[in-house]
Amino acid sequence: MLRLDDRDLLILKVLAREGRIPKAELAKRINLSTSPAWERLKRLEASGIIESYQARIALKAIAPHLVVFVTLELDRHTPDSFQTFESRVAAEPEITGCWALGGGFDYLMQIVTRDIDSYQRFMEGLLADGKVARYYTYVVTKPVKEGAPPPLDQLMKAADPGGEA
């Protein structure tokens, strides 16, 4: 694991909020000249700590849409069943997030679709093979908090036995 110092954490915090910040401005924000800041950024990318850069799209400005969370349990709990389902999920663009869970349900999925009718058609297709034991639908009525950067300071304190970032 790559050891991160305070400047590395600052780079990550700034980029988590402003991925398209010019390199000179990033260097200024972390109190380094451009070249050392650029070297740190390249090191963070090469190590895989920075996985990608993405744009947050205001869907409401483009088209009507519906966000739905679904908890889902498969009918069989075998490695093959999980792999088959996860491959199916990876192929479905409407599923914008999916997490395997421990506990009562196997998966939590985030689905973005045009409306409730298109959601229902999507689910009918997903359920057609009969490999889902049960699922529950939660329609998002309004976002309260989304896309927030991870709490790097708190995570680093938890990882450091001395409690310092």
# chains A, B, ... in the order shown; residues from 1 in each chain; ligands from 1

$ select_by_dssp --residues "range 66-114 of chain A" --states "alpha helix (DSSP H)" --output "number ranges by chain"
A: 79-90

$ residues_around --residues "Ala63 in chain A" --least-positions-apart "5" --cutoff "12 Å" --atoms "only C-alpha atoms" --output "list in words"
Ile57, Ala58, Val112, Thr113, Arg114 and Asp115 of chain A

$ closest_residue --among "A:Val67, A:Ile30, A:Val89, A:Ala61" --to "Asp5 in chain A" --atoms "only C-alpha atoms"
A:Ile30

$ closest_residue --among "A:Glu73, A:Asp153, A:Asp129, A:Glu86" --to "Gly103 in chain A" --atoms "only C-alpha atoms"
A:Glu73

$ residues_around --residues "Ala148 in chain A" --least-positions-apart "2" --cutoff "12 Å" --atoms "only C-alpha atoms" --output "tab-separated table (two decimals) with C-alpha atoms, in the first residue's frame"
chain	number	residue	atom	x	y	z
A	13	LYS	CA	-9.53	15.90	-1.38
A	15	LEU	CA	-9.65	16.18	-6.92
A	16	ALA	CA	-12.61	14.42	-5.28
A	17	ARG	CA	-14.47	17.75	-5.40
A	18	GLU	CA	-12.93	19.34	-8.50
A	56	ARG	CA	-21.33	14.50	-12.40
A	143	PRO	CA	-31.75	13.25	-3.22
A	144	VAL	CA	-30.59	14.46	0.17
A	145	LYS	CA	-26.86	13.83	-0.20
A	146	GLU	CA	-25.11	12.16	-3.11
A	150	PRO	CA	-15.08	9.95	0.99
A	151	PRO	CA	-14.08	11.12	4.50
A	152	LEU	CA	-10.33	10.75	3.89

$ residues_around --residues "Ser35 in chain A" --least-positions-apart "4" --cutoff "10 Å" --atoms "only C-alpha atoms" --output "list in words"
Lys23, Ala24, Ala27, Glu39, Arg40 and Leu41 of chain A

$ closest_residue --among "A:Asp6, A:Gln154, A:Gly19, A:Glu25" --to "Ser52 in chain A" --atoms "only C-alpha atoms"
A:Gly19
